[in-house]
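Below is start-v7.csv, holding CSV, C-alpha atoms.
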```csv
chain,number,residue,atom,x,y,z
A,218,MET,CA,-45.3,-16.3,90.9
A,219,THR,CA,-43.9,-13.3,89.1
A,220,LYS,CA,-41.9,-14.1,85.9
A,221,SER,CA,-38.3,-12.9,85.8
A,222,GLY,CA,-37.3,-11.2,82.5
A,223,GLY,CA,-34.1,-11.6,80.6
A,224,PHE,CA,-31.5,-14.3,80.1
A,225,PHE,CA,-30.5,-14.6,83.8
A,226,GLY,CA,-34.1,-14.8,84.9
A,227,ARG,CA,-34.6,-17.9,82.7
A,228,ILE,CA,-31.5,-19.4,84.2
A,229,ALA,CA,-32.8,-18.8,87.7
A,230,LEU,CA,-36.2,-20.4,86.9
A,231,ALA,CA,-34.5,-23.4,85.3
A,232,MET,CA,-32.2,-23.9,88.3
A,233,ALA,CA,-35.1,-23.6,90.7
A,234,GLY,CA,-37.2,-26.1,88.7
A,235,LYS,CA,-40.3,-24.0,89.0
A,236,ARG,CA,-41.2,-23.3,85.4
A,237,ASN,CA,-40.0,-23.9,81.9
A,238,PRO,CA,-40.6,-20.7,79.8
A,239,TRP,CA,-41.3,-22.8,76.7
A,240,GLY,CA,-44.1,-24.9,78.3
A,241,GLY,CA,-44.2,-27.7,80.8
A,242,SER,CA,-42.2,-27.9,84.1
A,243,SER,CA,-39.6,-30.1,85.5
A,244,GLY,CA,-41.9,-32.3,87.5
A,245,SER,CA,-45.3,-32.4,86.0
A,246,GLY,CA,-47.1,-31.8,82.7
A,247,GLY,CA,-48.5,-28.4,83.7
A,248,ASP,CA,-47.1,-25.1,82.8
A,249,GLY,CA,-46.2,-24.1,86.3
A,250,ASP,CA,-49.3,-22.1,86.9
A,251,GLY,CA,-51.6,-25.1,87.4
A,252,GLU,CA,-52.9,-24.9,83.8
A,253,LYS,CA,-52.4,-27.3,81.0
A,254,PRO,CA,-51.1,-25.9,77.7
A,255,SER,CA,-53.5,-25.9,74.9
A,256,GLY,CA,-53.0,-27.9,71.7
A,257,SER,CA,-51.4,-31.2,71.1
A,258,GLY,CA,-48.2,-30.2,72.9
A,259,GLY,CA,-49.7,-29.9,76.4
A,260,GLY,CA,-50.2,-32.6,79.1
A,261,SER,CA,-47.8,-34.6,81.1
A,262,GLY,CA,-46.4,-36.3,78.0
A,263,GLY,CA,-44.0,-33.4,77.4
A,264,ASP,CA,-45.5,-32.8,73.9
A,265,GLY,CA,-45.6,-29.0,74.3
A,266,PRO,CA,-43.3,-26.6,72.6
A,267,ARG,CA,-39.8,-28.0,72.7
A,268,ASN,CA,-36.9,-26.3,74.5
A,269,PRO,CA,-34.2,-25.4,72.0
A,270,TRP,CA,-31.6,-25.3,74.8
A,271,LEU,CA,-32.0,-29.0,75.5
A,272,PRO,CA,-29.7,-31.3,73.6
A,273,GLY,CA,-32.3,-33.9,72.9
A,274,GLY,CA,-34.6,-31.7,70.9
A,275,GLY,CA,-38.3,-31.6,71.9
A,276,GLY,CA,-41.4,-33.5,71.3
A,277,GLY,CA,-41.3,-36.4,73.7
A,278,ASP,CA,-42.9,-38.7,71.1
A,279,ASP,CA,-41.6,-41.7,72.9
A,280,GLY,CA,-43.5,-40.8,76.1
A,281,ARG,CA,-40.5,-39.9,78.0
A,282,LYS,CA,-40.5,-36.8,80.1
A,283,ARG,CA,-38.0,-34.0,79.4
A,284,ARG,CA,-35.6,-33.1,82.1
A,285,SER,CA,-34.9,-29.5,83.1
A,286,ALA,CA,-31.9,-27.9,81.5
A,287,SER,CA,-28.9,-27.5,83.7
A,288,ILE,CA,-26.5,-24.5,83.6
A,289,GLU,CA,-24.0,-26.5,81.6
A,290,ASP,CA,-26.6,-27.3,78.9
A,291,ILE,CA,-27.6,-23.7,78.6
A,292,PHE,CA,-24.1,-22.4,78.0
A,293,LYS,CA,-23.2,-25.4,75.8
A,294,ASN,CA,-26.1,-24.8,73.4
A,295,ARG,CA,-25.9,-21.0,73.2
A,296,GLY,CA,-23.8,-19.4,70.5
A,297,PRO,CA,-22.8,-15.8,69.8
A,298,GLU,CA,-25.9,-15.3,67.6
A,299,GLY,CA,-28.3,-16.8,70.2
A,300,PRO,CA,-29.6,-20.2,71.3
A,301,ARG,CA,-28.7,-23.1,68.9
A,302,ARG,CA,-30.8,-26.0,67.9
A,303,SER,CA,-29.5,-29.4,68.8
A,304,GLY,CA,-31.2,-31.1,66.0
A,305,GLY,CA,-29.5,-29.4,63.1
A,306,GLY,CA,-30.2,-26.1,61.3
A,307,GLY,CA,-30.5,-24.6,57.8
A,308,PRO,CA,-27.8,-24.2,55.2
A,309,SER,CA,-26.3,-21.2,57.0
A,310,GLY,CA,-26.6,-22.6,60.5
A,311,PRO,CA,-23.7,-23.8,62.6
A,312,ASN,CA,-24.6,-27.5,62.0
A,313,PHE,CA,-24.6,-27.3,58.2
A,314,ARG,CA,-23.0,-30.3,56.5
A,315,MET,CA,-21.4,-30.4,53.1
A,316,PRO,CA,-23.1,-32.6,50.5
A,317,GLN,CA,-21.6,-36.1,50.4
A,318,ARG,CA,-20.8,-38.6,47.7
A,319,PRO,CA,-22.4,-42.0,47.7
A,320,GLY,CA,-20.7,-44.0,50.5
A,321,GLY,CA,-20.6,-41.1,52.9
A,322,LYS,CA,-17.5,-39.5,51.4
A,323,SER,CA,-17.3,-35.7,51.1
A,324,TRP,CA,-17.0,-33.7,47.8
A,325,VAL,CA,-14.6,-31.2,49.3
A,326,PRO,CA,-11.3,-33.0,48.3
A,327,VAL,CA,-12.6,-33.4,44.7
A,328,ILE,CA,-13.5,-29.7,44.4
A,329,VAL,CA,-10.1,-28.7,45.8
A,330,VAL,CA,-8.3,-31.0,43.4
A,331,LEU,CA,-10.3,-29.6,40.4
A,332,PHE,CA,-9.5,-26.1,41.5
A,333,VAL,CA,-5.8,-26.8,41.8
A,334,ALA,CA,-5.7,-28.5,38.4
A,335,LEU,CA,-7.5,-25.5,36.7
A,336,PHE,CA,-5.1,-23.1,38.4
A,337,LEU,CA,-2.1,-25.1,37.1
A,338,VAL,CA,-3.5,-25.2,33.6
A,339,VAL,CA,-4.1,-21.5,33.5
A,340,THR,CA,-0.7,-20.5,34.9
A,341,MET,CA,1.5,-23.2,33.2
A,342,PHE,CA,0.3,-23.2,29.6
A,343,HIS,CA,0.8,-20.1,27.5
A,344,GLN,CA,0.0,-19.4,23.8
A,345,VAL,CA,2.2,-16.7,22.2
A,346,GLY,CA,0.8,-15.2,19.0
A,347,PRO,CA,2.8,-14.9,15.7
A,348,LYS,CA,3.5,-11.2,16.3
A,349,GLU,CA,4.2,-11.4,20.0
A,350,GLN,CA,6.8,-12.4,22.5
A,351,ALA,CA,6.6,-13.2,26.2
A,352,VAL,CA,8.8,-12.3,29.2
A,353,VAL,CA,9.1,-15.0,31.9
A,354,LYS,CA,10.0,-13.8,35.4
A,355,THR,CA,11.1,-16.4,38.0
A,356,LEU,CA,10.3,-15.1,41.6
A,357,GLY,CA,10.2,-11.6,40.2
A,358,SER,CA,13.5,-11.7,38.3
A,359,TYR,CA,13.9,-11.9,34.5
A,360,SER,CA,14.4,-15.5,33.4
A,361,ARG,CA,13.9,-15.8,29.6
A,362,THR,CA,12.0,-14.7,26.5
A,363,LEU,CA,9.4,-16.9,24.8
A,364,ASP,CA,9.0,-16.8,21.0
A,365,PRO,CA,5.6,-17.4,19.2
A,366,GLY,CA,4.1,-20.8,20.0
A,367,LEU,CA,2.8,-22.9,22.9
A,368,HIS,CA,5.0,-22.9,26.0
A,369,ILE,CA,4.9,-24.5,29.5
A,370,THR,CA,6.3,-22.8,32.5
A,371,LEU,CA,6.2,-23.3,36.3
A,372,PRO,CA,2.9,-22.3,37.9
A,373,ALA,CA,2.4,-18.9,39.4
A,374,PRO,CA,3.7,-17.3,41.6
A,375,ILE,CA,6.9,-19.2,40.9
A,376,GLU,CA,7.0,-18.0,37.3
A,377,THR,CA,4.9,-15.2,35.8
A,378,VAL,CA,4.5,-14.6,32.0
A,379,GLU,CA,3.8,-11.3,30.3
A,380,ILE,CA,2.9,-11.3,26.6
A,381,VAL,CA,3.8,-8.2,24.6
A,382,PRO,CA,3.0,-7.5,20.9
A,383,VAL,CA,6.6,-6.7,19.6
A,384,GLN,CA,5.8,-6.2,15.9
A,385,THR,CA,3.0,-3.7,16.5
A,386,VAL,CA,4.0,-0.3,15.0
A,387,VAL,CA,3.6,2.6,17.5
A,388,GLY,CA,3.1,6.1,16.2
A,389,VAL,CA,4.1,9.2,18.3
A,390,ARG,CA,2.9,12.6,17.1
A,391,ILE,CA,5.1,15.5,18.3
A,392,PRO,CA,3.7,17.8,19.5
A,393,THR,CA,0.5,16.0,20.5
A,394,ASP,CA,-2.9,17.4,19.7
A,395,GLY,CA,-3.8,20.3,21.9
A,396,GLN,CA,-0.2,21.3,22.7
A,397,GLN,CA,1.3,24.6,21.6
A,398,GLN,CA,3.4,25.0,18.5
A,399,LYS,CA,6.9,23.5,18.5
A,400,LEU,CA,9.4,26.2,17.4
A,401,ILE,CA,12.8,25.0,16.2
A,402,LEU,CA,15.7,27.2,15.2
A,403,THR,CA,17.1,26.7,11.7
A,404,GLY,CA,20.7,27.1,10.5
A,405,ASP,CA,20.1,30.7,9.2
A,406,GLN,CA,18.7,31.9,12.6
A,407,ASN,CA,15.0,31.6,11.7
A,408,LEU,CA,12.2,29.9,13.6
A,409,VAL,CA,10.0,27.2,12.1
A,410,ASP,CA,7.0,25.4,13.6
A,411,LEU,CA,7.3,21.7,12.9
A,412,THR,CA,4.9,18.8,13.5
A,413,TYR,CA,6.2,15.3,12.9
A,414,ILE,CA,5.3,11.7,13.5
A,415,VAL,CA,7.8,9.0,14.7
A,416,ARG,CA,7.0,5.3,14.1
A,417,TRP,CA,8.7,2.6,16.1
A,418,ASN,CA,8.4,-1.0,17.4
A,419,ILE,CA,10.2,-3.3,19.8
A,420,LYS,CA,13.5,-4.8,18.7
A,421,ASP,CA,14.7,-6.5,21.9
A,422,LEU,CA,11.9,-7.3,24.4
A,423,GLU,CA,14.3,-7.9,27.4
A,424,ASN,CA,16.0,-4.5,27.0
A,425,TYR,CA,12.6,-2.8,26.4
A,426,LYS,CA,11.1,-4.1,29.6
A,427,PHE,CA,14.0,-3.8,31.9
A,428,ARG,CA,16.1,-0.9,30.6
A,429,LEU,CA,13.5,1.8,30.2
A,430,VAL,CA,11.1,3.1,32.8
A,431,GLU,CA,8.9,5.1,30.5
A,432,PRO,CA,9.5,4.0,26.8
A,433,GLN,CA,7.0,6.5,25.3
A,434,GLU,CA,8.6,9.5,27.1
A,435,THR,CA,12.1,8.3,26.2
A,436,VAL,CA,11.2,8.1,22.5
A,437,THR,CA,9.6,11.5,22.5
A,438,GLU,CA,12.6,13.2,24.2
A,439,VAL,CA,15.1,11.5,21.9
A,440,ALA,CA,13.0,12.5,18.8
A,441,GLU,CA,12.9,16.2,19.9
A,442,ALA,CA,16.6,16.3,20.4
A,443,ALA,CA,17.4,14.7,17.1
A,444,MET,CA,14.9,17.0,15.2
A,445,ARG,CA,16.5,20.1,16.7
A,446,ALA,CA,20.0,19.0,15.8
A,447,SER,CA,19.0,18.1,12.2
A,448,VAL,CA,17.0,21.3,11.5
A,449,ALA,CA,19.9,23.4,12.8
A,450,GLU,CA,21.9,22.1,9.9
A,451,LYS,CA,19.4,23.4,7.3
A,452,THR,CA,18.3,26.8,6.2
A,453,LEU,CA,14.7,27.9,6.4
A,454,ASP,CA,14.1,27.5,2.6
A,455,GLN,CA,15.5,23.9,2.8
A,456,THR,CA,13.2,23.1,5.7
A,457,PHE,CA,10.2,24.1,3.5
A,458,SER,CA,11.4,22.4,0.3
A,459,GLY,CA,10.6,18.7,-0.4
A,460,GLN,CA,14.2,17.6,-0.8
A,461,GLY,CA,15.3,19.4,2.4
A,462,ARG,CA,12.5,17.8,4.4
A,463,ALA,CA,13.4,14.3,3.2
A,464,GLU,CA,17.0,14.9,4.2
A,465,ILE,CA,15.9,16.1,7.7
A,466,GLU,CA,13.7,13.0,8.1
A,467,LEU,CA,16.5,10.6,7.3
A,468,ALA,CA,18.9,12.4,9.6
A,469,VAL,CA,16.5,12.4,12.5
A,470,ARG,CA,15.9,8.7,12.1
A,471,GLU,CA,19.6,7.8,12.1
A,472,ARG,CA,20.3,10.1,15.1
A,473,MET,CA,17.4,8.5,17.1
A,474,GLN,CA,18.6,5.0,16.4
A,475,ARG,CA,22.1,5.7,17.5
A,476,VAL,CA,21.0,7.3,20.8
A,477,LEU,CA,18.5,4.5,21.6
A,478,ASP,CA,21.0,1.8,20.8
A,479,GLY,CA,23.4,3.6,23.2
A,480,TYR,CA,20.7,3.4,25.8
A,481,GLN,CA,20.1,-0.3,25.0
A,482,ALA,CA,16.4,0.6,24.8
A,483,GLY,CA,15.5,-2.3,22.6
A,484,ILE,CA,13.5,0.0,20.2
A,485,ARG,CA,13.7,0.1,16.4
A,486,VAL,CA,12.9,3.4,14.7
A,487,LEU,CA,11.0,2.7,11.5
A,488,GLY,CA,10.6,6.2,10.2
A,489,VAL,CA,10.1,9.9,10.8
A,490,GLU,CA,7.6,12.0,8.8
A,491,ILE,CA,7.3,15.8,8.9
A,492,ASP,CA,3.6,16.5,8.8
A,493,LYS,CA,3.7,20.3,8.8
A,494,SER,CA,6.4,23.0,8.5
A,495,ASP,CA,5.1,26.5,9.0
A,496,PRO,CA,6.6,29.8,10.2
A,497,PRO,CA,5.5,31.0,13.7
A,498,ALA,CA,1.9,32.2,13.9
A,499,GLU,CA,3.0,35.7,15.0
A,500,VAL,CA,4.8,36.4,11.7
A,501,ASN,CA,2.8,34.1,9.4
A,502,ASP,CA,1.3,37.0,7.4
A,503,ALA,CA,4.6,38.8,6.9
A,504,PHE,CA,6.2,35.5,5.9
A,505,ARG,CA,3.5,35.0,3.4
A,506,ASP,CA,4.2,38.5,1.9
A,507,VAL,CA,7.8,37.7,1.7
A,508,SER,CA,7.1,34.4,0.0
A,509,VAL,CA,4.9,36.1,-2.6
A,510,ALA,CA,7.7,38.7,-3.3
A,511,GLU,CA,10.3,35.9,-3.7
A,512,GLN,CA,8.0,34.1,-6.1
A,513,ASN,CA,7.6,37.3,-8.2
A,514,ALA,CA,11.3,37.8,-8.2
A,515,ASP,CA,11.9,34.3,-9.3
A,516,ALA,CA,9.4,34.7,-12.1
A,517,ALA,CA,11.1,37.9,-13.3
A,518,ARG,CA,14.5,36.2,-13.2
A,519,ASN,CA,13.1,33.3,-15.2
A,520,ARG,CA,11.7,35.7,-17.9
A,521,SER,CA,15.0,37.6,-18.2
A,522,ARG,CA,16.9,34.3,-18.5
A,523,GLY,CA,14.5,33.2,-21.3
A,524,TYR,CA,15.0,36.5,-23.2
A,525,ALA,CA,18.8,36.2,-22.9
A,526,GLN,CA,18.7,32.7,-24.1
A,527,GLN,CA,16.6,33.7,-27.1
A,528,VAL,CA,18.9,36.6,-28.1
A,529,LEU,CA,21.9,34.4,-27.7
A,530,SER,CA,20.4,31.7,-29.8
A,531,LEU,CA,19.6,34.2,-32.6
A,532,ALA,CA,23.1,35.6,-32.5
A,533,GLU,CA,24.6,32.2,-32.7
A,534,GLY,CA,22.4,31.4,-35.7
A,535,GLU,CA,23.4,34.6,-37.5
A,536,SER,CA,27.0,33.9,-36.8
A,537,GLU,CA,26.7,30.4,-38.2
A,538,ALA,CA,25.0,31.7,-41.4
A,539,PHE,CA,27.7,34.4,-41.9
A,540,ASN,CA,30.4,31.7,-41.6
A,541,LYS,CA,28.7,29.7,-44.3
A,542,VAL,CA,28.4,32.7,-46.6
A,543,TYR,CA,32.0,33.6,-46.1
A,544,GLU,CA,33.0,30.1,-47.2
A,545,GLN,CA,31.1,30.6,-50.4
A,546,TYR,CA,32.5,34.0,-50.9
A,547,ARG,CA,36.1,32.6,-50.7
A,548,LEU,CA,35.2,30.2,-53.5
A,549,ALA,CA,33.4,32.7,-55.8
A,550,PRO,CA,33.7,36.3,-54.7
A,551,GLU,CA,32.0,38.0,-57.6
A,552,VAL,CA,29.0,35.7,-57.7
A,553,THR,CA,28.6,35.8,-54.0
A,554,ARG,CA,28.8,39.6,-54.0
A,555,ARG,CA,26.1,40.0,-56.6
A,556,ARG,CA,23.8,37.5,-54.9
A,557,LEU,CA,24.2,39.3,-51.6
A,558,TYR,CA,23.3,42.6,-53.4
A,559,TYR,CA,20.1,41.2,-54.9
A,560,GLU,CA,19.0,39.6,-51.7
A,561,THR,CA,19.6,42.8,-49.8
A,562,MET,CA,17.7,45.0,-52.3
A,563,GLU,CA,14.9,42.5,-52.3
A,564,LYS,CA,14.5,42.7,-48.5
A,565,VAL,CA,14.6,46.5,-48.6
A,566,LEU,CA,12.2,47.1,-51.5
A,567,SER,CA,9.7,44.5,-50.5
A,568,ASN,CA,8.4,46.7,-47.7
A,569,THR,CA,7.9,49.9,-49.9
A,570,ASP,CA,5.1,51.1,-52.2
A,571,LYS,CA,7.4,52.3,-55.0
A,572,THR,CA,8.4,50.4,-58.1
A,573,ILE,CA,11.4,51.5,-60.1
A,574,VAL,CA,12.0,50.3,-63.6
A,575,GLU,CA,15.4,51.0,-65.2
A,576,PRO,CA,15.0,50.2,-69.0
A,577,ARG,CA,14.6,53.2,-71.4
A,578,GLY,CA,11.3,54.2,-72.8
A,579,VAL,CA,9.5,53.1,-69.6
A,580,THR,CA,8.2,55.5,-67.0
A,581,PRO,CA,10.8,55.3,-64.2
A,582,TYR,CA,8.2,55.4,-61.4
A,583,LEU,CA,5.0,53.3,-61.5
A,584,PRO,CA,2.9,53.4,-58.4
A,585,LEU,CA,1.8,49.9,-59.0
A,586,PRO,CA,0.7,49.2,-55.4
A,587,GLU,CA,-1.4,52.4,-55.4
A,588,VAL,CA,-3.1,51.5,-58.7
A,589,ARG,CA,-3.8,48.1,-57.4
A,590,ARG,CA,-5.3,49.5,-54.2
A,591,ARG,CA,-7.6,51.9,-56.1
A,592,ALA,CA,-8.7,49.2,-58.4
A,593,GLN,CA,-9.7,47.1,-55.5
A,594,GLU,CA,-11.6,49.9,-53.8
A,595,GLY,CA,-13.5,50.6,-57.1
A,596,GLN,CA,-14.6,47.0,-57.4
A,597,ALA,CA,-15.9,47.0,-53.9
A,598,ALA,CA,-17.9,50.2,-54.5
A,599,THR,CA,-19.6,49.1,-57.8
A,600,PRO,CA,-22.9,47.2,-57.2
A,601,ALA,CA,-23.1,43.7,-58.6
A,602,ALA,CA,-24.8,43.4,-61.9
A,603,PRO,CA,-28.1,41.5,-62.1
A,604,ALA,CA,-27.9,38.0,-63.4
A,605,THR,CA,-29.0,37.5,-67.0
A,606,GLY,CA,-30.6,34.6,-68.8
A,607,GLY,CA,-28.8,32.2,-71.0
A,608,GLN,CA,-27.4,33.3,-74.3
```

Could you write out this file's structure as C-alpha cells?
Amino acid sequence: MTKSGGFFGRIALAMAGKRNPWGGSSGSGGDGDGEKPSGSGGGSGGDGPRNPWLPGGGGGDDGRKRRSASIEDIFKNRGPEGPRRSGGGGPSGPNFRMPQRPGGKSWVPVIVVLFVALFLVVTMFHQVGPKEQAVVKTLGSYSRTLDPGLHITLPAPIETVEIVPVQTVVGVRIPTDGQQQKLILTGDQNLVDLTYIVRWNIKDLENYKFRLVEPQETVTEVAEAAMRASVAEKTLDQTFSGQGRAEIELAVRERMQRVLDGYQAGIRVLGVEIDKSDPPAEVNDAFRDVSVAEQNADAARNRSRGYAQQVLSLAEGESEAFNKVYEQYRLAPEVTRRRLYYETMEKVLSNTDKTIVEPRGVTPYLPLPEVRRRAQEGQAATPAAPATGGQ
C-alpha cells in the first residue's frame, strides 16, 4: 500500500486503521506490511516506538495493546509548535511544573511576597544626606520637602522621591570655553572683553524644582544682564583697576540676587569673580601702545611733582631760617650784622684760590693754595730715598 505524506495522510491512515506510522497497527503486532519491527519494541505486545499523539504514552509494558488514535486525540495532543507529549516534557515544554515545597505546596506565592516586600522597602525608605534635600511628589504633584535623615513615604507610584544636593556649589563660566569674546560697553563708550565666573547653590528646593524650567540658562542670562548694567556705570580705566573690578563684582551679585528673588527661583548667588578684562582683540595692540604712553605720562608727572615738592620744601626751610635770624637781629642788630658779614665772606672766599691778608708789613696776596699744590707735586716727583741702617 502506498504511504500518504503529510499531516492529513497520517490522519487518513489512522482513521482507516491500516497502519500506524510510528510502528505497529491497530489490530496486530505487525507494522502493516506483514513484517515485524526489529528490536525490543516489535511484536504484538505493542513495545515498538510509542505514538506521541496517544494520551497514554507508549511502551505497553503491562502487555496491553495500544488503540489507534482517533481524530479527537490527534487534535487534542497537537499544539502550535507540533505534537505534544502526553507524559510531560522538559523545563520549557507545555507541561512544565514549578518546583514545589514539601507537602506539595508551590513556591510561587512565597516569591511574589518577597518581591513585593523588597519593592516596598526600596520605594518607602529613603536616606537623605547631610548636604541634601528631597522632593516628594504624590501622584505627580508636589507634596513636601524632606530634610536630611531617614524618612518613610508611601510606595511608588503613589509617592515618588527625588534627592537633590542643595549645598553643592555650582560654578558657571561666562562665556564658556570655546565661545567668542564677550564684548561689553563701558560708561565712557569703550568696549571691554570680560570673562567672569558666577557661583551659586540652591536656597529653596521647592521653588528651584517647580519655578524654573532651565535653571542653568536662567542664571546665565541674569548674570549677563547684571554684568552689562554694572559695567555701564564704570569707565574703561575703572574696569581694568582692582578696586573698580571689586565694585563691579559686588554690584553684579546684588543685581542677580534681586532678579532671581523676583522670579522666586530658589537660587542663592554666592559670588561673582571677574577672571579676565581685556580690550577687544582687534584693537589690542593699539590699546597696549596707549597704555604705555599713559604710563610714561604718569611717570613724568610723578617726577615733576617730586621736583616741585623738593623746591617747595627748600624754600620753606630758608624762610624758616630767615625768620629765626630776623628774631636775633631785632634783639642785637650790630652783632647779628657782623656775624652775617663774616658768614657771607666765609662762603664766598672758601671757593677761591686767593688769600688776602690785611695787616701791615705782610704781602697782601699770598697764593697759598698754589704753593701747597706745587709742593705736593714736587713730593710726588722726587724718588723715595733708600732705607739706611740704624744710627

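Candidate residues A:Val327, A:Ala463, A:Leu356, A:Leu487 were compared for distance to Gln384 in chain A, and the nearest is A:Leu487, using only C-alpha atoms.
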
Subject >> Among listed residues A:Val489, A:Val436, A:Val333, A:Ile328, nearest Leu467 in chain A (using all atoms listed in the file) >> reply: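 Selected residue with least distance to Leu467 in chain A: A:Val489.
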
**OP:** Name the residues in contact with Lys426 in chain A at a cut-off of 12 Å, using only C-alpha atoms, excluding same-chain residues fewer than 5 positions from it; report them as a count of residues only.
**Re:** 21

Original post:
Between A:Asp506, A:Ser494, A:Ala440, A:Arg518, which has the minimum distance to Gly461 in chain A (counting all atoms listed in the file)?
Top reply: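 Ranked by minimum distance to Gly461 in chain A, first place goes to A:Ser494.
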
Original post:
Between A:Thr403, A:Asn513, A:Ser360, A:Thr452, which one has atoms that come closest to Phe427 in chain A, using all atoms listed in the file?
Top reply: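 Nearest candidate to Phe427 in chain A out of A:Thr403, A:Asn513, A:Ser360, A:Thr452: A:Ser360.
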
Original post:
If you count only C-alpha atoms, which residues fall within 12 Å of Asp454 in chain A, apart from same-chain ones fewer than 5 positions away, as JSON, numbers by chain?
Top reply: {"A": [403, 404, 405, 406, 407, 408, 409, 448, 459, 460, 461, 462, 494, 495, 496, 504, 508, 511]}

Original post:
With distances taken over all atoms listed in the file, which of A:Tyr524, A:Trp417, A:Tyr425, A:Trp324 is nearest to Met473 in chain A?
Top reply: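 Counting all atoms listed in the file, the residue closest to Met473 in chain A is A:Trp417.
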
**OP:** Pick out the residues sitting within 9 Å of Arg390 in chain A, and hand them over as a list in words; count only C-alpha atoms, and ignore anything fewer than 2 positions along from it in its own chain.
**Re:** Gly388, Pro392, Thr393, Asp394, Thr412, Tyr413, Ile414, Val415, Arg416 and Thr437 of chain A

**OP:** Between CA of Val542 in chain A and CA of Tyr559 in chain A, measure the distance and give it in Å to one decimal.
**Re:** 14.5 Å

**OP:** Grab the CA of Val486 in chain A to CA of Val439 in chain A distance for me, in Å with one decimal place.
**Re:**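 Calculated distance between CA of Val486 in chain A and CA of Val439 in chain A is 11.1 Å.
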
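For the pair CA of Ala498 in chain A and CA of Phe457 in chain A, the interatomic distance is 15.6 Å.
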
Original post:
From the set A:Leu402, A:Leu411, A:Val389, A:Val378, which residue has the shortest atom-to-atom contact distance to Gln433 in chain A, counting only C-alpha atoms?
Top reply: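 Among the listed residues, the smallest separation from Gln433 in chain A belongs to A:Val389.
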
Subject >> Test item: residues at most 12 Å from Arg472 in chain A, all atoms listed in the file, excluding those fewer than 6 positions along its chain, as a count of residues only >> reply: 17
